[in-house]
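Inspection log for the structure reproduced underneath, given as structure tokens.
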2 protein chains.
Amino acid sequence: MSLKSYSGFLLPAIESELQKQVARLDEPRVKPFQEMLTYHMGWTGEGAGPEAAGKRIRPLLVLLTAAAVGGSDGADEAEAWQKALPAAAAVELVHNFSLVHDDIQDKSEKRRGRPTVWVKWGAPMAINVGDSLFVLSNLAITDLAENYPPEFVVKASKILHQTCLDLTFGQFLDMSYESRPDVKADDYWPMISGKTAALLSCCCHIGAVLGGADEATEEAYRSFGHYLGLAFQVQDDILGIWGDETVTGKSAASDLVEGKKSLPVLVGLSKNGKFAERWNQGSISHAEVEEVARQLASEGAYAYTHDAAKQMTDMALNCLREADPQGEAGDALMELAGKLLGRSA
Amino acid sequence: MSLKSYSGFLLPAIESELQKQVARLDEPRVKPFQEMLTYHMGWTGEGAGPEAAGKRIRPLLVLLTAAAVGGSDGADEAEAWQKALPAAAAVELVHNFSLVHDDIQDKSEKRRGRPTVWVKWGAPMAINVGDSLFVLSNLAITDLAENYPPEFVVKASKILHQTCLDLTFGQFLDMSYESRPDVKADDYWPMISGKTAALLSCCCHIGAVLGGADEATEEAYRSFGHYLGLAFQVQDDILGIWGDETVTGKSAASDLVEGKKSLPVLVGLSKNGKFAERWNQGSISHAEVEEVARQLASEGAYAYTHDAAKQMTDMALNCLREADPQGEAGDALMELAGKLLGRSA
């Protein structure tokens with residue numbers, strides 16, 4: 001069965017589980033509060049729909065991993081992913097909590113094409129919306145107790161909470177790099193390990209645990225998610241400077257205009273050449289961005305970043321082969337990995 | 001043994017457990033981040049010390065409850081509270097997470113006499129500090145797995161997470177009341193149930209569960225914490241308008257100047273008298289605050305609020321008697337309850 005076929009029934013099941021979790025706010029007195037959450041999740045308000053909801057990649061990873069480990073035939077497979085649904089909701093809620101707070105911190109006015117929560121309701125309310133999405137993820141993970149023995153719930157909870165700690169580390173590093181003049185390419189990896197890779201790793205790790213993986217397989221899935229996250233972020237950095245607007249949906253080279261210290265920029269700065277000189281003079285306008293991107297590439301930053309992306313992609317695929325995903329869900333997981341890793345500049 | 005004697009060894013044990021939990025941020029790369037947390041906890045930076053740390057009432061409630069349920073003699077009692085230490089840390093970390101976010105939301109510049117986290121490091125960093133304190137509370141509660149069977153850990157986690165959801169409800173109501181012109185005295189109770197009573201209830205509830213209480217005792221402790229929280233908040237509202245500055249440490253009647261819709265104010269507004277007329281004309285200055293407070297009392301708001309405080313106090317003490325705390329820890333818990341409920345205007 002293809003990834004598309006799986007998505008056809010996994011995505012509605014994920015959406016329904018997410019709605020069940022968010023329904024914990026379904027009390028008349030806090031109705032406007034619940035609407036802030038359902039707006040952010042893409043279900044209500046202007047522009048609601050699949051575009052506004054996002055791709056739900058993280059819950060898909062949880063479910064496909066659980067099924068690829070836990071299922072030796074179709075029936076086992078279905079049971080494996082159905083039981084794991086609360087964990088799938090939990091990781092997506094963590095992702096969305098971090099987006100809501102990130103948008104306040106970065107003063108981002110749009111998210112998936114719509115006004116962000118803080119723009120609509122103000123930062124104080126938006127902080128509370130993020131907090132409540134975070135709480136819902138904690139409640140969702142304890143819902144696993146309906147389907148698994150309590151020691152599984154404790155193990156999955158610990159993995160989720162440790163991941164959230166890594167997220168706050170990554171967020172701290174990201175914010176502190178903005179004002180630090182001395183950030184090096186080596187500083188990049190711990191930051192994206194926290195900001196991007198930790199949660200993708202968590203998805204595969206929890207999926208493997210819930211699928212009943214042995215220790216070696218669990219570790220292989222955990223590492224697969226980690227390198228998948230790193231590869232994904234490095235590719236995103238390439239797209240943010242030399243990308244195709246029709247692919248990314250954001251204007252190419254926008255990371256340069258925003259002054260984002262992505263990997264290519266850090267590599268360029270380490271060269272102390274014309275790019276570094278221009279960067280240090282202050283913000284780059286849309287008019288000159290194409291020229292600056294070309295200069296950055298000519299100093300070797302494109303080749304370096306492209307190599308790094310390839311290395312991380314190879315590591316991810318090696319780990320996935322080692323994990324040896326089983327059955328049709330395993331094939332679909334391989335396909336999803338290929339799709340996520342195949343985005344190129 | 002008196003509350004003072006218990007505090008003599010419980011408070012250092014609480015502080016040491018809290019430090020162990022916050023030490024999860026002890027990594028060279030995020031050192032400045034860890035310092036933001038240790039500053040807020042009152043351990044480092046200008047004005048560090050017990051005053052800056054707060055009274056640790058919530059963890060004391062957890063430990064004394066666990067000991068008053070779990071201990072039939074001194075040795076059992078000591079084992080009961082020592083095993084519960086991670087839960088004590090968890091509730092204090094939740095309390096502090098909510099304070100850090102609350103200070104951003106309210107634009108409060110001082111907390112326990114020192115500049116707040118957002119004043120020192122900016123709102124984006126402070127949001128992340130609050131998030132990480134929240135994560136640490138989640139990790140702390142799973143540390144119970146070292147001392148209890150996993151089903152206890154899942155039960156305690158669910159209680160903690162449900163409490164945090166109630167906190168976000170209360171926070172939403174509090175913020176929405178600021179701009180709503182039609183808030184009634186009846187709207188007051190759901191708000192403080194979330195903002196104040198939920199966490200105090202959680203402390204006694206988790207303490208009872210970890211002490212091994214039967215269902216009726218568990219419920220009695222949970223209700224005790226709930227009414228304790230309500231009584232405490234109502235008394236705080238009285239002190240905020242007619243209080244003694246030397247007792248509260250904040251200027252009397254400051255709640256009127258800040259325009260806080262506390263219970264006496266909501267009662268006063270419902271009278272549609274001279275107080276309501278003055279309130280609706282705009283903010284109240286320090287110069288006129290004594291006169292407005294006197295007017296509010298003359299319209300019956302003091303008597304009403306005082307009665308409400310007394311009712312909640314009686315409920316709390318009834319529940320505590322029903323819970324029937326045992327041994328010397330039980331006596332100390334009674335003493336703590338008396339102390340918390342005895343604050344009067």
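Every chain in the structure tokens has a letter given in the order shown (A, B, ...), and although residue numbers restart at 1 in each chain, ligands are simply numbered from 1 in the order shown.
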
I need the chain B residues near chain A as a PyMOL selection string; criterion: at most 7 Å, counting only C-alpha atoms. chain B and resi 30+33+105+124+128+132+135+138-139+142+150-151+154+158+161+164-165+168-169+172

As a list in words, please: all residues of range 14-187 of chain A that backbone DSSP puts in strand (DSSP E or B).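 Those residues are Lys110, Arg111, Arg114 and Pro115 of chain A.
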
For Ala89 in chain A, which residue among A:Glu299, A:Glu15, A:Glu178, A:Glu46 is the nearest when counting only C-alpha atoms?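 Answer, going by the shortest atom-to-atom distance: A:Glu15.
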
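Take the candidates A:Glu322, A:Asp76, A:Asp314, A:Glu92 and check each one against Gly212 in chain A using only C-alpha atoms; the shortest distance goes to A:Asp76.
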
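Take CA of Lys20 in chain A and CA of His205 in chain A: the distance between them is 23.7 Å.
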
Just the number, please: distance in Å from CA of His40 in chain A to CA of Val100 in chain A, one decimal.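 Pair CA of His40 in chain A / CA of Val100 in chain A returns 8.0 Å.
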
Could you make a table, as JSON lines, of the residues of range 11-86 of chain B that have an atom within 9 Å of an atom of range 206-211 of chain B, each with its nearest atom pair and distance in Å to one decimal, counting only C-alpha atoms, in chain and number order?
```
{"residue": "B:Leu61", "atom": "CA", "partner": "B:Gly207", "partner_atom": "CA", "distance": 7.4}
{"residue": "B:Val62", "atom": "CA", "partner": "B:Gly207", "partner_atom": "CA", "distance": 4.5}
{"residue": "B:Leu63", "atom": "CA", "partner": "B:Gly207", "partner_atom": "CA", "distance": 6.3}
{"residue": "B:Leu64", "atom": "CA", "partner": "B:Gly207", "partner_atom": "CA", "distance": 7.6}
{"residue": "B:Thr65", "atom": "CA", "partner": "B:Gly207", "partner_atom": "CA", "distance": 5.0}
{"residue": "B:Ala66", "atom": "CA", "partner": "B:Gly211", "partner_atom": "CA", "distance": 4.2}
{"residue": "B:Ala67", "atom": "CA", "partner": "B:Gly211", "partner_atom": "CA", "distance": 6.4}
{"residue": "B:Ala68", "atom": "CA", "partner": "B:Gly211", "partner_atom": "CA", "distance": 7.7}
{"residue": "B:Val69", "atom": "CA", "partner": "B:Gly211", "partner_atom": "CA", "distance": 5.1}
{"residue": "B:Gly70", "atom": "CA", "partner": "B:Gly211", "partner_atom": "CA", "distance": 4.2}
{"residue": "B:Gly71", "atom": "CA", "partner": "B:Gly211", "partner_atom": "CA", "distance": 7.8}
{"residue": "B:Ala80", "atom": "CA", "partner": "B:Gly211", "partner_atom": "CA", "distance": 6.2}
{"residue": "B:Trp81", "atom": "CA", "partner": "B:Gly211", "partner_atom": "CA", "distance": 8.1}
{"residue": "B:Lys83", "atom": "CA", "partner": "B:Leu210", "partner_atom": "CA", "distance": 8.3}
{"residue": "B:Ala84", "atom": "CA", "partner": "B:Leu210", "partner_atom": "CA", "distance": 6.6}
```

Rank nothing, just name the residue among B:Cys319, B:Leu60, B:Leu18, B:Leu340 nearest to Ala216 in chain B, using only C-alpha atoms.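 Checking each candidate against Ala216 in chain B, we get B:Cys319 as the closest.
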
Which residues in range 80-284 of chain A does DSSP call alpha helix (DSSP H)? List them as a ChimeraX atom specification. /A:80-83,85-106,117-121,123-142,150-179,185-192,198-211,215-242,245-248,254-258,263-270,274-280

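Ranking A:Ala78, A:Ala332, A:Leu263, A:Ala293 by their shortest atom-to-atom distance to Ile241 in chain A, with only C-alpha atoms included, puts A:Ala293 first.
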
6 Å contact set for Ala88 in chain B, only C-alpha atoms, chain neighbours under 2 positions out, as a list of chain:residue names: B:Pro59, B:Val62, B:Leu85, B:Pro86, B:Ala90, B:Val91

With C-alpha atoms retained, could you export that selection as a compact mmCIF listing (two decimals), in the first residue's frame?
```txt
# COMPACT_ATOMS: atom_id res chain seq x y z
CA PRO B 59 5.50 21.53 48.00
CA VAL B 62 2.37 17.74 49.09
CA LEU B 85 9.83 14.84 46.83
CA PRO B 86 9.73 14.79 42.97
CA ALA B 90 6.74 19.37 40.21
CA VAL B 91 3.98 21.51 41.77
```

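Atom pair CA of Ala337 in chain A / CA of Glu51 in chain A has a distance of 21.1 Å (rounded to one decimal).
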
Would you mind listing what lies within 9 Å of Gly54 in chain B as an mmCIF file with N, CA, C and O atoms, in the first residue's frame, with only C-alpha atoms counted and same-chain residues fewer than 3 positions away left out?
```cif
data_model
loop_
_atom_site.group_PDB
_atom_site.id
_atom_site.type_symbol
_atom_site.label_atom_id
_atom_site.label_comp_id
_atom_site.auth_asym_id
_atom_site.auth_seq_id
_atom_site.Cartn_x
_atom_site.Cartn_y
_atom_site.Cartn_z
ATOM 1 N N MET B 41 14.047 31.383 40.411
ATOM 2 C CA MET B 41 13.784 30.516 41.568
ATOM 3 C C MET B 41 14.307 31.136 42.870
ATOM 4 O O MET B 41 14.052 30.618 43.952
ATOM 5 N N GLY B 42 15.070 32.231 42.740
ATOM 6 C CA GLY B 42 15.532 32.940 43.930
ATOM 7 C C GLY B 42 16.908 32.506 44.423
ATOM 8 O O GLY B 42 17.314 32.879 45.524
ATOM 9 N N PRO B 50 16.009 33.455 50.569
ATOM 10 C CA PRO B 50 14.679 32.916 50.896
ATOM 11 C C PRO B 50 13.537 33.864 50.519
ATOM 12 O O PRO B 50 12.483 33.412 50.049
ATOM 13 N N GLU B 51 13.727 35.169 50.705
ATOM 14 C CA GLU B 51 12.697 36.146 50.347
ATOM 15 C C GLU B 51 12.339 36.053 48.871
ATOM 16 O O GLU B 51 11.173 36.118 48.478
ATOM 17 N N ILE B 57 4.941 26.958 49.783
ATOM 18 C CA ILE B 57 3.749 26.411 50.454
ATOM 19 C C ILE B 57 3.230 25.165 49.732
ATOM 20 O O ILE B 57 2.823 24.190 50.360
ATOM 21 N N ARG B 112 8.321 39.343 44.043
ATOM 22 C CA ARG B 112 9.038 39.137 45.304
ATOM 23 C C ARG B 112 10.168 40.163 45.461
ATOM 24 O O ARG B 112 11.298 39.819 45.808
#
```

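Among B:Lys260, B:Gly327, B:Arg58, B:Ala13, the residue with the shortest atom-to-atom distance to Ala198 in chain B, counting only C-alpha atoms, is B:Arg58.
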